Amino acid sequence: MHYTEQETCPECANKMEVNRGYSTWCGKCNWNVYEDERGLGTDEGLNGMNGNADERPSDRLLEEFKYNVNRDLPFTKQRFYTYLVAITVHLSTLSILGIAIFFFSTNSTWLGIFGIALLLLWITIILPYRKRLPGRVISKDEYPELYGMIDEIGERLNVPPVDMVIISEEYNAYNLHLKRKKRALVIGIPFFAALTLQEKIAALSHQMSQFAHPNISNNSLVERARHVLNSWIDTVDPQDSGLLYWVVFPLIILRLLLFAIIGGVYSLLIKSMRNEMQRVFYIADNEASETAGSEAVLSLFLKSEMEGLFAHTAEQVAEYQYNKELYEEFRKRISIVPTQELLRIQRIQEMNDTQSRSYHPPMKNRIELIREHWAMIPAYRPDAAKERRINEEFRLLEHSSQKILLSDLRGI
């Protein structure tokens, strides 16, 4: 007979299952569901940073999508505000060059020196930037099955084939818009090692859907404005030395003032894009659900929370010099996570009504929408032979990835 250790909830006296090494929480009143209620309070700690100001627009968008998943991205007043802020950023930055030229036109030595400083600042801010690829590009010749699966998903979503697939050691998956309108998928091998094939299809479908419905953040004018603002922040950030800290901004008060203004403009730009970016996320969730099945998407959400488990596994595996099976060990540990712990993670996601990032809808809303438009049968499922070939390619990618990770952790 299997014995389960139990404790009594201090809030509602409900019996709680105890699993050593995991949080003990109450499924009835949610006591300690966030792991820190034993001494600290949780709801405000988790939600206070994001605040409640932006929950209402996201909730309105959710109600709209519950009725009908509209895949159109209409021109709204928020989009107009985004363009307005972006143009203002570019004109303000260009004005620095104008002021520098004016100073050069005077006969004042001091104004000429100040003009040189402004010119250096303008070059620093406006200098063209090159996106560094976050990992290694894999070719279609080496991994034809993976590319073929991505192409088939794209064909279903009316998306042309991607230009490149990049693998990295991040616990994530995302898409990139590169120069000359090239598009890339970034696949974090640690994250994909945790997923079943249908969950991988869900993750890829989500990213391909975003290519099918590009939002305003991908507009070159807006993207460039974000780069300019980030350059400004790097220059005047009072928490950092900044590139021209002592040359251009020797007065601390001036730096603080500029930082507050630039930070406010950046927040305004992000806020003006938020509605459209969240709309794209809801569409991507829905299309991933239809393509891979709703159950696979919810399971994908659950495993996205296991980055900490992977980091802990990697550290322990790296301690043993001759242990090379990092990802196999990670999958074993996922398989033995207690049901009560999985339920705790699910409960947190269902209660989370704040954005994990400034442009993501609340996880609670995303789950609610998927359940509202439940897709039981996936529209895309590879046959057994293709599944085997795809898994073999992922094993090759895992083999090279774990070599890199373990070498880094061991300092080899």
# chains A, B, ... in the order shown; residues from 1 in each chain; ligands from 1

$ residues_around --residues "Ala292 in chain A" --least-positions-apart "4" --cutoff "9 Å" --atoms "only C-alpha atoms" --output "JSON, numbers by chain"
{"A": [198, 199, 200, 201, 202, 203, 205, 287, 288, 296, 297, 375, 377, 378, 379, 380, 381]}

$ select_by_dssp --residues "range 151-285 of chain A" --states "alpha helix (DSSP H)" --output "ChimeraX atom specification"
/A:151-156,189-193,197-212,220-236,245-248,252-285

$ closest_atom_pairs --of "range 103-140 of chain A" --to "range 168-191 of chain A" --cutoff "7 Å" --atoms "only C-alpha atoms" --output "JSON lines"
{"residue": "A:Pro134", "atom": "CA", "partner": "A:Ser168", "partner_atom": "CA", "distance": 6.6}
{"residue": "A:Gly135", "atom": "CA", "partner": "A:Ser168", "partner_atom": "CA", "distance": 4.5}
{"residue": "A:Arg136", "atom": "CA", "partner": "A:Ser168", "partner_atom": "CA", "distance": 6.5}

$ closest_residue --among "A:Phe192, A:Phe301, A:Phe394, A:Trp110" --to "Lys364 in chain A" --atoms "only C-alpha atoms"
A:Phe301

$ closest_residue --among "A:Leu197, A:Ile126, A:Leu229, A:Leu119" --to "Ser267 in chain A" --atoms "only C-alpha atoms"
A:Leu229

$ select_by_dssp --residues "range 126-178 of chain A" --states "strand (DSSP E)" --output "list in words"
Arg136, Val137, Ile138, Met164, Val165, Ile166, Ile167, Ser168, Ala173, Tyr174, Asn175, Leu176 and His177 of chain A

$ closest_residue --among "A:Thr109, A:Ser220, A:Ser58, A:Asn68" --to "Gln278 in chain A" --atoms "only C-alpha atoms"
A:Ser58

$ closest_residue --among "A:Leu342, A:Val317, A:Ile390, A:Leu369" --to "Ser23 in chain A" --atoms "only C-alpha atoms"
A:Leu342

$ closest_residue --among "A:Thr235, A:Thr4, A:Thr76, A:Gln340" --to "Arg274 in chain A" --atoms "only C-alpha atoms"
A:Thr76

$ closest_atom_pairs --of "range 307-355 of chain A" --to "range 405-412 of chain A" --cutoff "12 Å" --atoms "only C-alpha atoms" --output "Markdown table"
| residue | atom | partner | partner_atom | distance |
| --- | --- | --- | --- | --- |
| A:Phe310 | CA | A:Leu405 | CA | 11.6 |
| A:Ala311 | CA | A:Leu405 | CA | 10.6 |
| A:His312 | CA | A:Leu409 | CA | 11.7 |
| A:Thr313 | CA | A:Leu406 | CA | 11.1 |
| A:Ala314 | CA | A:Leu406 | CA | 7.4 |
| A:Glu315 | CA | A:Leu409 | CA | 7.2 |
| A:Gln316 | CA | A:Leu409 | CA | 10.0 |
| A:Val317 | CA | A:Leu406 | CA | 8.0 |
| A:Ala318 | CA | A:Leu406 | CA | 5.7 |
| A:Glu319 | CA | A:Arg410 | CA | 7.5 |
| A:Tyr320 | CA | A:Arg410 | CA | 9.2 |
| A:Gln321 | CA | A:Arg410 | CA | 7.9 |
| A:Tyr322 | CA | A:Leu406 | CA | 10.4 |
| A:Asn323 | CA | A:Leu406 | CA | 9.2 |
| A:Lys324 | CA | A:Leu406 | CA | 7.8 |
| A:Glu325 | CA | A:Leu406 | CA | 9.7 |
| A:Leu326 | CA | A:Leu406 | CA | 8.0 |
| A:Tyr327 | CA | A:Leu405 | CA | 10.6 |

$ atom_distance --atom1 "CA of Ile116 in chain A" --atom2 "CA of Phe102 in chain A"
11.1 Å

$ residues_around --residues "Glu341 in chain A" --least-positions-apart "5" --cutoff "12 Å" --atoms "only C-alpha atoms" --output "list in words"
Met16, Glu17, Val18, Asn19, Arg20, Gly21, Tyr22, Ser23, Thr24, Trp25, Cys26, Gly27, Asn32, Val33, Tyr34, Glu35, Leu302, Glu305, Met306, Ile334, Ser335, Ile336, Gln346, Arg347 and Ile348 of chain A

$ residues_around --residues "Ile216 in chain A" --least-positions-apart "3" --cutoff "8 Å" --atoms "only C-alpha atoms" --output "VMD selection string"
chain A and resid 79 219 222 273 276 to 277

$ atom_distance --atom1 "CA of Pro382 in chain A" --atom2 "CA of His399 in chain A"
23.3 Å

$ decode --residues "range 61-98 of chain A" --atoms "N, CA, C and O atoms" --output "PDB file, in the first residue's frame"
ATOM      1  N   LEU A  61      -9.787  42.580 -25.263  1.00  0.00           N
ATOM      2  CA  LEU A  61      -9.319  41.843 -26.431  1.00  0.00           C
ATOM      3  C   LEU A  61      -9.669  40.358 -26.294  1.00  0.00           C
ATOM      4  O   LEU A  61     -10.074  39.712 -27.269  1.00  0.00           O
ATOM      5  N   LEU A  62      -9.532  39.831 -25.086  1.00  0.00           N
ATOM      6  CA  LEU A  62      -9.891  38.433 -24.844  1.00  0.00           C
ATOM      7  C   LEU A  62     -11.366  38.186 -25.137  1.00  0.00           C
ATOM      8  O   LEU A  62     -11.720  37.203 -25.801  1.00  0.00           O
ATOM      9  N   GLU A  63     -12.239  39.058 -24.652  1.00  0.00           N
ATOM     10  CA  GLU A  63     -13.674  38.895 -24.889  1.00  0.00           C
ATOM     11  C   GLU A  63     -14.000  38.952 -26.380  1.00  0.00           C
ATOM     12  O   GLU A  63     -14.853  38.216 -26.869  1.00  0.00           O
ATOM     13  N   GLU A  64     -13.295  39.807 -27.108  1.00  0.00           N
ATOM     14  CA  GLU A  64     -13.491  39.890 -28.557  1.00  0.00           C
ATOM     15  C   GLU A  64     -13.099  38.576 -29.227  1.00  0.00           C
ATOM     16  O   GLU A  64     -13.810  38.065 -30.097  1.00  0.00           O
ATOM     17  N   PHE A  65     -11.956  38.011 -28.816  1.00  0.00           N
ATOM     18  CA  PHE A  65     -11.469  36.784 -29.433  1.00  0.00           C
ATOM     19  C   PHE A  65     -12.264  35.558 -28.992  1.00  0.00           C
ATOM     20  O   PHE A  65     -12.292  34.558 -29.703  1.00  0.00           O
ATOM     21  N   LYS A  66     -12.873  35.623 -27.843  1.00  0.00           N
ATOM     22  CA  LYS A  66     -13.735  34.514 -27.421  1.00  0.00           C
ATOM     23  C   LYS A  66     -14.903  34.352 -28.386  1.00  0.00           C
ATOM     24  O   LYS A  66     -15.301  33.245 -28.730  1.00  0.00           O
ATOM     25  N   TYR A  67     -15.412  35.487 -28.843  1.00  0.00           N
ATOM     26  CA  TYR A  67     -16.546  35.466 -29.767  1.00  0.00           C
ATOM     27  C   TYR A  67     -16.098  35.044 -31.160  1.00  0.00           C
ATOM     28  O   TYR A  67     -16.719  34.216 -31.814  1.00  0.00           O
ATOM     29  N   ASN A  68     -14.976  35.600 -31.602  1.00  0.00           N
ATOM     30  CA  ASN A  68     -14.489  35.292 -32.950  1.00  0.00           C
ATOM     31  C   ASN A  68     -13.005  35.637 -33.037  1.00  0.00           C
ATOM     32  O   ASN A  68     -12.607  36.749 -32.678  1.00  0.00           O
ATOM     33  N   VAL A  69     -12.177  34.682 -33.491  1.00  0.00           N
ATOM     34  CA  VAL A  69     -10.743  34.934 -33.643  1.00  0.00           C
ATOM     35  C   VAL A  69     -10.531  35.661 -34.965  1.00  0.00           C
ATOM     36  O   VAL A  69     -10.451  35.055 -36.033  1.00  0.00           O
ATOM     37  N   ASN A  70     -10.447  36.975 -34.880  1.00  0.00           N
ATOM     38  CA  ASN A  70     -10.273  37.815 -36.066  1.00  0.00           C
ATOM     39  C   ASN A  70      -8.783  37.927 -36.374  1.00  0.00           C
ATOM     40  O   ASN A  70      -8.009  38.473 -35.586  1.00  0.00           O
ATOM     41  N   ARG A  71      -8.378  37.421 -37.534  1.00  0.00           N
ATOM     42  CA  ARG A  71      -6.964  37.404 -37.886  1.00  0.00           C
ATOM     43  C   ARG A  71      -6.498  38.666 -38.609  1.00  0.00           C
ATOM     44  O   ARG A  71      -5.351  38.756 -39.036  1.00  0.00           O
ATOM     45  N   ASP A  72      -7.383  39.632 -38.776  1.00  0.00           N
ATOM     46  CA  ASP A  72      -7.001  40.898 -39.400  1.00  0.00           C
ATOM     47  C   ASP A  72      -6.346  41.809 -38.370  1.00  0.00           C
ATOM     48  O   ASP A  72      -6.655  41.753 -37.174  1.00  0.00           O
ATOM     49  N   LEU A  73      -5.438  42.651 -38.833  1.00  0.00           N
ATOM     50  CA  LEU A  73      -4.797  43.649 -37.982  1.00  0.00           C
ATOM     51  C   LEU A  73      -5.185  45.029 -38.508  1.00  0.00           C
ATOM     52  O   LEU A  73      -4.492  45.598 -39.352  1.00  0.00           O
ATOM     53  N   PRO A  74      -6.289  45.586 -38.042  1.00  0.00           N
ATOM     54  CA  PRO A  74      -6.775  46.862 -38.578  1.00  0.00           C
ATOM     55  C   PRO A  74      -5.878  48.029 -38.183  1.00  0.00           C
ATOM     56  O   PRO A  74      -5.133  47.960 -37.200  1.00  0.00           O
ATOM     57  N   PHE A  75      -5.956  49.096 -38.983  1.00  0.00           N
ATOM     58  CA  PHE A  75      -5.213  50.316 -38.646  1.00  0.00           C
ATOM     59  C   PHE A  75      -5.986  51.043 -37.548  1.00  0.00           C
ATOM     60  O   PHE A  75      -7.110  51.477 -37.740  1.00  0.00           O
ATOM     61  N   THR A  76      -5.385  51.136 -36.375  1.00  0.00           N
ATOM     62  CA  THR A  76      -6.053  51.719 -35.213  1.00  0.00           C
ATOM     63  C   THR A  76      -5.366  53.018 -34.807  1.00  0.00           C
ATOM     64  O   THR A  76      -4.275  53.344 -35.302  1.00  0.00           O
ATOM     65  N   LYS A  77      -5.992  53.715 -33.883  1.00  0.00           N
ATOM     66  CA  LYS A  77      -5.376  54.952 -33.390  1.00  0.00           C
ATOM     67  C   LYS A  77      -4.090  54.648 -32.623  1.00  0.00           C
ATOM     68  O   LYS A  77      -3.154  55.460 -32.602  1.00  0.00           O
ATOM     69  N   GLN A  78      -4.016  53.434 -32.009  1.00  0.00           N
ATOM     70  CA  GLN A  78      -2.771  53.063 -31.327  1.00  0.00           C
ATOM     71  C   GLN A  78      -1.619  52.934 -32.323  1.00  0.00           C
ATOM     72  O   GLN A  78      -0.490  53.326 -32.037  1.00  0.00           O
ATOM     73  N   ARG A  79      -1.929  52.386 -33.512  1.00  0.00           N
ATOM     74  CA  ARG A  79      -0.887  52.268 -34.529  1.00  0.00           C
ATOM     75  C   ARG A  79      -0.442  53.660 -34.989  1.00  0.00           C
ATOM     76  O   ARG A  79       0.750  53.903 -35.205  1.00  0.00           O
ATOM     77  N   PHE A  80      -1.399  54.596 -35.129  1.00  0.00           N
ATOM     78  CA  PHE A  80      -1.064  55.977 -35.487  1.00  0.00           C
ATOM     79  C   PHE A  80      -0.145  56.589 -34.433  1.00  0.00           C
ATOM     80  O   PHE A  80       0.848  57.242 -34.756  1.00  0.00           O
ATOM     81  N   TYR A  81      -0.464  56.354 -33.145  1.00  0.00           N
ATOM     82  CA  TYR A  81       0.372  56.878 -32.062  1.00  0.00           C
ATOM     83  C   TYR A  81       1.777  56.277 -32.118  1.00  0.00           C
ATOM     84  O   TYR A  81       2.770  56.964 -31.845  1.00  0.00           O
ATOM     85  N   THR A  82       1.874  54.998 -32.489  1.00  0.00           N
ATOM     86  CA  THR A  82       3.178  54.350 -32.587  1.00  0.00           C
ATOM     87  C   THR A  82       4.035  55.033 -33.642  1.00  0.00           C
ATOM     88  O   THR A  82       5.211  55.346 -33.406  1.00  0.00           O
ATOM     89  N   TYR A  83       3.446  55.253 -34.825  1.00  0.00           N
ATOM     90  CA  TYR A  83       4.186  55.937 -35.885  1.00  0.00           C
ATOM     91  C   TYR A  83       4.569  57.358 -35.460  1.00  0.00           C
ATOM     92  O   TYR A  83       5.673  57.835 -35.756  1.00  0.00           O
ATOM     93  N   LEU A  84       3.656  58.020 -34.765  1.00  0.00           N
ATOM     94  CA  LEU A  84       3.924  59.388 -34.316  1.00  0.00           C
ATOM     95  C   LEU A  84       5.104  59.432 -33.348  1.00  0.00           C
ATOM     96  O   LEU A  84       6.000  60.276 -33.476  1.00  0.00           O
ATOM     97  N   VAL A  85       5.117  58.509 -32.381  1.00  0.00           N
ATOM     98  CA  VAL A  85       6.223  58.457 -31.417  1.00  0.00           C
ATOM     99  C   VAL A  85       7.529  58.107 -32.128  1.00  0.00           C
ATOM    100  O   VAL A  85       8.574  58.712 -31.859  1.00  0.00           O
ATOM    101  N   ALA A  86       7.487  57.155 -33.057  1.00  0.00           N
ATOM    102  CA  ALA A  86       8.700  56.752 -33.773  1.00  0.00           C
ATOM    103  C   ALA A  86       9.275  57.916 -34.586  1.00  0.00           C
ATOM    104  O   ALA A  86      10.495  58.155 -34.574  1.00  0.00           O
ATOM    105  N   ILE A  87       8.403  58.646 -35.281  1.00  0.00           N
ATOM    106  CA  ILE A  87       8.864  59.798 -36.073  1.00  0.00           C
ATOM    107  C   ILE A  87       9.448  60.876 -35.160  1.00  0.00           C
ATOM    108  O   ILE A  87      10.478  61.489 -35.472  1.00  0.00           O
ATOM    109  N   THR A  88       8.796  61.098 -34.011  1.00  0.00           N
ATOM    110  CA  THR A  88       9.297  62.083 -33.043  1.00  0.00           C
ATOM    111  C   THR A  88      10.695  61.708 -32.564  1.00  0.00           C
ATOM    112  O   THR A  88      11.576  62.571 -32.420  1.00  0.00           O
ATOM    113  N   VAL A  89      10.906  60.424 -32.298  1.00  0.00           N
ATOM    114  CA  VAL A  89      12.223  59.951 -31.855  1.00  0.00           C
ATOM    115  C   VAL A  89      13.270  60.247 -32.927  1.00  0.00           C
ATOM    116  O   VAL A  89      14.360  60.763 -32.631  1.00  0.00           O
ATOM    117  N   HIS A  90      12.954  59.938 -34.180  1.00  0.00           N
ATOM    118  CA  HIS A  90      13.915  60.159 -35.258  1.00  0.00           C
ATOM    119  C   HIS A  90      14.202  61.650 -35.463  1.00  0.00           C
ATOM    120  O   HIS A  90      15.364  62.046 -35.649  1.00  0.00           O
ATOM    121  N   LEU A  91      13.160  62.475 -35.422  1.00  0.00           N
ATOM    122  CA  LEU A  91      13.357  63.917 -35.608  1.00  0.00           C
ATOM    123  C   LEU A  91      14.153  64.520 -34.453  1.00  0.00           C
ATOM    124  O   LEU A  91      15.019  65.386 -34.659  1.00  0.00           O
ATOM    125  N   SER A  92      13.882  64.072 -33.231  1.00  0.00           N
ATOM    126  CA  SER A  92      14.605  64.586 -32.059  1.00  0.00           C
ATOM    127  C   SER A  92      16.088  64.237 -32.153  1.00  0.00           C
ATOM    128  O   SER A  92      16.954  65.054 -31.823  1.00  0.00           O
ATOM    129  N   THR A  93      16.358  63.010 -32.588  1.00  0.00           N
ATOM    130  CA  THR A  93      17.761  62.596 -32.717  1.00  0.00           C
ATOM    131  C   THR A  93      18.448  63.368 -33.848  1.00  0.00           C
ATOM    132  O   THR A  93      19.610  63.773 -33.726  1.00  0.00           O
ATOM    133  N   LEU A  94      17.718  63.595 -34.947  1.00  0.00           N
ATOM    134  CA  LEU A  94      18.274  64.350 -36.066  1.00  0.00           C
ATOM    135  C   LEU A  94      18.559  65.796 -35.671  1.00  0.00           C
ATOM    136  O   LEU A  94      19.503  66.416 -36.189  1.00  0.00           O
ATOM    137  N   SER A  95      17.771  66.317 -34.739  1.00  0.00           N
ATOM    138  CA  SER A  95      17.976  67.713 -34.313  1.00  0.00           C
ATOM    139  C   SER A  95      19.330  67.907 -33.645  1.00  0.00           C
ATOM    140  O   SER A  95      19.893  69.010 -33.644  1.00  0.00           O
ATOM    141  N   ILE A  96      19.878  66.837 -33.051  1.00  0.00           N
ATOM    142  CA  ILE A  96      21.208  66.934 -32.440  1.00  0.00           C
ATOM    143  C   ILE A  96      22.250  67.280 -33.501  1.00  0.00           C
ATOM    144  O   ILE A  96      23.139  68.108 -33.280  1.00  0.00           O
ATOM    145  N   LEU A  97      22.135  66.640 -34.668  1.00  0.00           N
ATOM    146  CA  LEU A  97      23.054  66.950 -35.762  1.00  0.00           C
ATOM    147  C   LEU A  97      22.883  68.400 -36.208  1.00  0.00           C
ATOM    148  O   LEU A  97      23.877  69.099 -36.474  1.00  0.00           O
ATOM    149  N   GLY A  98      21.639  68.858 -36.258  1.00  0.00           N
ATOM    150  CA  GLY A  98      21.388  70.240 -36.652  1.00  0.00           C
ATOM    151  C   GLY A  98      22.012  71.234 -35.686  1.00  0.00           C
ATOM    152  O   GLY A  98      22.615  72.239 -36.102  1.00  0.00           O
TER     153      GLY A  98
END
